[in-house]
Amino acid sequence: MAQVKFTPNLKRFFPDLCECAIDAATVAEIVAAVDDRWRGLADYIIDEQGALRKHVNIFVGDELLRDKQTLSDRVSADTKIFIVQALSGG
Amino acid sequence: MRNKLLVGTRKGLLIMNRDGGDWEVESAHFEAIPVVYAFRDRRADTIWVSLDHGHWGGKLHRSRDLGATWEEVEAPKYPEGDAVPPDFSVPAKTNYIWLIEPGGADEPNRLYVGTDPGGLFLSDDGGDSFQLVDTLWHHPSNMHWFGAGRDHPGTVAIQVDPRDSRHLTIGISVGGVYVSRDGGESWEARNRGLYADYLPDPLHEHGHDPHIILASPSNPDVLWQQNHCGIFRSENGGMQWRDISDKNGGPAGFGFALAIDDQDERVAWVAPAVSAEYRVPVDRALVISRTEDGGETWQDLRAGLPQENCYDLVFRHALDKTGDTLAFGTTAGNFYVSDDRGDHWRCLTHNLAVVYSVRFM
C-alpha cells in the first residue's frame with residue numbers, strides 16, 4: 001500500500017491527522033481515501049473541480065505530481081506520497 | 001557611511017536623506033506603482049528600479065542623475081518557446097524582477113537581474129539589453145525548482161565575488177544555491193548542510209529555499225543565508241552550510257531579511273518571524289536579532305520596536321546597513337532606523353505602504 005504523509009501544518013485543521021497506508025492506483029484515489037478517514041480533508045487539497053489547489057504540492061516519490069487537473073498519476077504499493085503546502089510568502 | 005536611502009514600497013519609491021539632521025523624505029517617484037527593488041550602482045552612478053505593474057508586467061527604469069530624471073529600459077525577456085520549471089507546461093515570461101545587481105569593479109558594463117520564473121539575466125552593455133543565462137536556466141537540476149510565495153521559482157539572490165568577478169553565487173527560491181567560477185558558463189549546486197522540511201527527502205541535493213544569500217564583505221568566502229528552514233552560514237563559499245538558527249529558544253530562525261557587517265564576518269542581523277506556517281512576529285513583538293560570533297549565539301534587539309499587537313514582517317530586501325546604521329521597512333508600512341548597530345531603534349514613519357526594498361545609496 002502507498003505510504004501517505006502530510007505537512008504538519010494540516011494538523012492545525014485535522015488534529016488527529018497522521019501518516020497512513022492507502023491501497024490505491026492513482027493519487028486521486030488516495031485523496032478520496034484520506035477524505036473518507038478525515039472528512040473534509042480533500043477540500044484542503046483539491047478544488048471543487050478535482051484539480052490540485054494552486055498552493056498545494058503533492059510529491060509522488062521524489063517527483064512533483066504531474067497531472068494537477070485530475071491527479072491521475074499512478075501509484076504502486078511502495079510509492080511514498082507527501083502532501084504539502086506550497087511555500088507561500090509574506 | 002551613506003546618507004541617502006532608496007525605499008521601494010507598494011506605492012512607489014522614496015529617496016530619503018539625512019543631511020545634518022534625521023532622515024527625511026527628499027523625493028517620491030513612481031507614485032502608486034509597486035517598486036520591488038531599487039539600488040544605486042556606484043560604478044556608473046546610476047539608480048536602478050524594478051517595477052511590478054501587475055497589469056503591464058515587470059519593468060526596469062534607471063536614473064543617471066540621482067533621480068532627477070528616469071528612463072525605461074527594455075525588461076529582460078525569455079526566449080520564445082522556453083517554459084517554466086519544474087513541469088515546463090507554462091510559457092516562460094518575465095513576471096517579476098526580484099533584484100538587480102552590479103557586476104564586478106573590473107566589468108563596469110555588466111549587470112545581473114534575477115527574475116520570476118527563475119531566470120538569471122545579464123547585461124554587458126550597462127543595462128541597454130539583457131540575455132538569459134541559459135546555462136543556469138537549463139541546469140539539469142531545474143526539475144527540482146518550484147514556486148514559493150509566488151507561483152513560480154525566483155532568482156532572489158545574486159552575489160559577485162569582489163576578488164573574482166567570474167565567481168558568482170546565486171539563490172533560487174525554490175531551487176537552492178548555485179555557484180559559477182567561470183562567469184556563468186557552468187554551475188554547480190551548493191546545498192550541502194541545508195535541509196528542506198517540505199521535501200520528501202529534506203537533505204536532497206536540490207530544491208532548497210534560500211530567501212536571501214549575502215557574502216561577508218570582509219571575507220567573501222563566508223556566506224550567510226536566511227532560508228525557509230532556518231539561518232545557515234558557510235565558511236567555504238557554500239561547499240558546506242551549518243544551521244546557525246538560535247538553539248537557545250530565541251526567535252532567530254524563520255524569516256526573510258539579512259544584513260552582514262562590513263568589517264566583521266562573524267556579525268549579522270536577521271528579522272525573525274514565528275515560522276513558515278505562522279508568518280507573524282514572535283509573540284506579536286517586533287525584534288531584530290544580531291549575532292556577533294558567527295551564529296553561535298544571538299541577541300534580541302527590541303529597544304524602540306513595538307512589543308505588543310504587532311504584525312510587521314520584514315521582506316528579504318527590506319533591511320540594510322551602512323557603518324553602524326541599520327534601516328528596515330515592514331509589511332505594515334513602518335520604517336525603523338538604528339545608529340548603534342541595532343541596540344536602539346527609532347521609527348521614522350508609520351505610514352508607508354508595504355515596504356519591499358531598503359538600500360542605502
# chains A, B, ... in the order shown; residues from 1 in each chain; ligands from 1
call {"tool": "select_by_dssp", "arguments": {"residues": "segment 201-272 of chain B", "states": "strand (DSSP E)", "output": "number ranges by chain"}}
result
B: 210-216, 219-227, 230-234, 242-243, 255-260, 268-272
call {"tool": "interface_residues", "arguments": {"of": "chain A", "to": "chain B", "cutoff": "10 Å", "atoms": "only C-alpha atoms", "output": "PyMOL selection string"}}
result
chain A and resi 5-10+12+54-55+57-67+80-90
call {"tool": "atom_distance", "arguments": {"atom1": "atom CA of Leu111 of chain B", "atom2": "atom CA of Gly183 of chain B"}}
result
12.1 Å
call {"tool": "atom_distance", "arguments": {"atom1": "atom CA of Trp56 of chain B", "atom2": "atom CA of Ala32 of chain B"}}
result
13.7 Å
call {"tool": "residues_around", "arguments": {"residues": "segment 9-15 of chain B", "least_positions_apart": "2", "cutoff": "12 Å", "atoms": "only C-alpha atoms", "output": "MDAnalysis selection string"}}
result
chainID B and resid 3:7 17:18 23:40 47:54 61 66:68 315 317:318 328:335 351:361
call {"tool": "write_last_selection", "arguments": {"atoms": "C-alpha atoms", "output": "PDB file, in the first residue's frame"}}
result
ATOM      1  CA  ASN B   3      23.483  59.421   3.883  1.00  0.00           C
ATOM      2  CA  LYS B   4      20.775  58.552   1.395  1.00  0.00           C
ATOM      3  CA  LEU B   5      18.274  55.704   1.249  1.00  0.00           C
ATOM      4  CA  LEU B   6      16.220  54.161  -1.527  1.00  0.00           C
ATOM      5  CA  VAL B   7      12.946  52.777  -0.170  1.00  0.00           C
ATOM      6  CA  ASN B  17      18.408  61.697   3.220  1.00  0.00           C
ATOM      7  CA  ARG B  18      19.869  62.900   6.491  1.00  0.00           C
ATOM      8  CA  TRP B  23      16.264  61.091   7.913  1.00  0.00           C
ATOM      9  CA  GLU B  24      13.679  62.890   5.835  1.00  0.00           C
ATOM     10  CA  VAL B  25      11.927  62.076   2.600  1.00  0.00           C
ATOM     11  CA  GLU B  26      13.662  64.053  -0.128  1.00  0.00           C
ATOM     12  CA  SER B  27      11.572  62.964  -3.090  1.00  0.00           C
ATOM     13  CA  ALA B  28       8.956  60.452  -4.242  1.00  0.00           C
ATOM     14  CA  HIS B  29       8.974  58.632  -7.586  1.00  0.00           C
ATOM     15  CA  PHE B  30       6.782  56.155  -9.484  1.00  0.00           C
ATOM     16  CA  GLU B  31       3.825  57.046  -7.298  1.00  0.00           C
ATOM     17  CA  ALA B  32       1.148  54.345  -6.985  1.00  0.00           C
ATOM     18  CA  ILE B  33       3.361  51.765  -8.716  1.00  0.00           C
ATOM     19  CA  PRO B  34       4.835  48.841  -6.743  1.00  0.00           C
ATOM     20  CA  VAL B  35       8.619  49.268  -6.527  1.00  0.00           C
ATOM     21  CA  VAL B  36      10.108  45.829  -5.980  1.00  0.00           C
ATOM     22  CA  TYR B  37      13.761  46.820  -5.758  1.00  0.00           C
ATOM     23  CA  ALA B  38      15.893  49.924  -6.067  1.00  0.00           C
ATOM     24  CA  PHE B  39      19.635  50.354  -5.721  1.00  0.00           C
ATOM     25  CA  ARG B  40      22.414  52.702  -6.794  1.00  0.00           C
ATOM     26  CA  ILE B  47      19.912  54.242  -9.792  1.00  0.00           C
ATOM     27  CA  TRP B  48      18.130  51.098 -10.981  1.00  0.00           C
ATOM     28  CA  VAL B  49      14.494  50.414 -10.165  1.00  0.00           C
ATOM     29  CA  SER B  50      12.364  47.308 -10.696  1.00  0.00           C
ATOM     30  CA  LEU B  51       8.633  47.959 -11.025  1.00  0.00           C
ATOM     31  CA  ASP B  52       5.797  45.452 -10.756  1.00  0.00           C
ATOM     32  CA  HIS B  53       2.961  46.959 -12.711  1.00  0.00           C
ATOM     33  CA  GLY B  54       0.852  43.848 -12.432  1.00  0.00           C
ATOM     34  CA  HIS B  61      13.928  52.009 -15.055  1.00  0.00           C
ATOM     35  CA  LEU B  66      20.238  60.546  -8.895  1.00  0.00           C
ATOM     36  CA  GLY B  67      16.528  60.567  -9.522  1.00  0.00           C
ATOM     37  CA  ALA B  68      16.042  63.891 -11.305  1.00  0.00           C
ATOM     38  CA  PHE B 315      10.785  41.274   3.498  1.00  0.00           C
ATOM     39  CA  HIS B 317      15.426  43.053   0.586  1.00  0.00           C
ATOM     40  CA  ALA B 318      13.992  45.450   3.176  1.00  0.00           C
ATOM     41  CA  PHE B 328      14.389  48.454   7.688  1.00  0.00           C
ATOM     42  CA  GLY B 329      10.841  48.813   6.472  1.00  0.00           C
ATOM     43  CA  THR B 330       7.960  46.472   7.187  1.00  0.00           C
ATOM     44  CA  THR B 331       4.908  44.919   5.615  1.00  0.00           C
ATOM     45  CA  ALA B 332       2.772  47.262   7.745  1.00  0.00           C
ATOM     46  CA  GLY B 333       4.456  50.372   6.332  1.00  0.00           C
ATOM     47  CA  ASN B 334       6.586  51.184   9.375  1.00  0.00           C
ATOM     48  CA  PHE B 335      10.165  52.327   8.945  1.00  0.00           C
ATOM     49  CA  ASN B 351       2.512  55.494   7.273  1.00  0.00           C
ATOM     50  CA  LEU B 352       4.268  53.946   4.307  1.00  0.00           C
ATOM     51  CA  ALA B 353       2.780  51.256   2.090  1.00  0.00           C
ATOM     52  CA  VAL B 354       4.214  47.715   2.268  1.00  0.00           C
ATOM     53  CA  VAL B 355       7.996  48.072   2.105  1.00  0.00           C
ATOM     54  CA  TYR B 356       9.701  45.738  -0.375  1.00  0.00           C
ATOM     55  CA  SER B 357      13.216  47.122  -0.553  1.00  0.00           C
ATOM     56  CA  VAL B 358      15.569  49.283   1.528  1.00  0.00           C
ATOM     57  CA  ARG B 359      19.024  50.121   0.211  1.00  0.00           C
ATOM     58  CA  PHE B 360      21.500  52.751   1.341  1.00  0.00           C
ATOM     59  CA  MET B 361      22.752  54.654  -1.690  1.00  0.00           C
TER      60      MET B 361
END
call {"tool": "select_by_dssp", "arguments": {"residues": "chain A", "states": "helix (DSSP H, G or I)", "output": "JSON, numbers by chain"}}
result
{"A": [8, 9, 10, 11, 12, 27, 28, 29, 30, 31, 32, 33, 34, 35, 36, 37, 42, 43, 44, 45]}
call {"tool": "write_last_selection", "arguments": {"atoms": "C-alpha atoms", "output": "tab-separated table (two decimals), in the first residue's frame"}}
result
chain	number	residue	atom	x	y	z
A	8	PRO	CA	2.34	19.08	9.90
A	9	ASN	CA	0.56	22.33	9.10
A	10	LEU	CA	-2.60	20.40	8.18
A	11	LYS	CA	-2.78	19.13	11.76
A	12	ARG	CA	-3.94	22.60	12.66
A	27	VAL	CA	-3.24	9.98	-6.50
A	28	ALA	CA	-6.90	10.93	-7.00
A	29	GLU	CA	-7.93	7.69	-5.28
A	30	ILE	CA	-5.57	8.47	-2.43
A	31	VAL	CA	-7.13	11.88	-1.90
A	32	ALA	CA	-10.59	10.29	-1.89
A	33	ALA	CA	-9.45	7.68	0.61
A	34	VAL	CA	-7.92	10.14	3.06
A	35	ASP	CA	-11.08	12.22	2.80
A	36	ASP	CA	-13.06	9.18	3.90
A	37	ARG	CA	-10.94	8.98	7.01
A	42	ALA	CA	-9.92	16.68	0.30
A	43	ASP	CA	-11.31	20.22	0.18
A	44	TYR	CA	-7.98	21.43	1.53
A	45	ILE	CA	-6.06	19.61	-1.20
call {"tool": "atom_distance", "arguments": {"atom1": "atom CA of Asp243 of chain B", "atom2": "atom CA of Ser338 of chain B"}}
result
27.2 Å
call {"tool": "closest_residue", "arguments": {"among": "A:Gly40, A:Lys68, A:Arg74, A:Thr26", "to": "Phe13 of chain A", "atoms": "only C-alpha atoms"}}
result
A:Gly40
call {"tool": "residues_around", "arguments": {"residues": "Asn227 of chain B", "least_positions_apart": "6", "cutoff": "7 Å", "atoms": "only C-alpha atoms", "output": "ChimeraX atom specification"}}
result
/B:209-212
call {"tool": "write_last_selection", "arguments": {"atoms": "N, CA and C atoms", "output": "PDB file, in the first residue's frame"}}
result
ATOM      1  N   ASP B 209      15.434  26.331  -0.296  1.00  0.00           N
ATOM      2  CA  ASP B 209      14.750  27.615  -0.408  1.00  0.00           C
ATOM      3  C   ASP B 209      15.518  28.738   0.285  1.00  0.00           C
ATOM      4  N   PRO B 210      16.560  29.252  -0.364  1.00  0.00           N
ATOM      5  CA  PRO B 210      17.227  30.428   0.194  1.00  0.00           C
ATOM      6  C   PRO B 210      16.361  31.668  -0.020  1.00  0.00           C
ATOM      7  N   HIS B 211      15.933  32.299   1.076  1.00  0.00           N
ATOM      8  CA  HIS B 211      15.193  33.557   0.932  1.00  0.00           C
ATOM      9  C   HIS B 211      16.133  34.685   0.537  1.00  0.00           C
ATOM     10  N   ILE B 212      17.356  34.645   1.058  1.00  0.00           N
ATOM     11  CA  ILE B 212      18.372  35.623   0.677  1.00  0.00           C
ATOM     12  C   ILE B 212      19.738  35.042   1.038  1.00  0.00           C
TER      13      ILE B 212
END
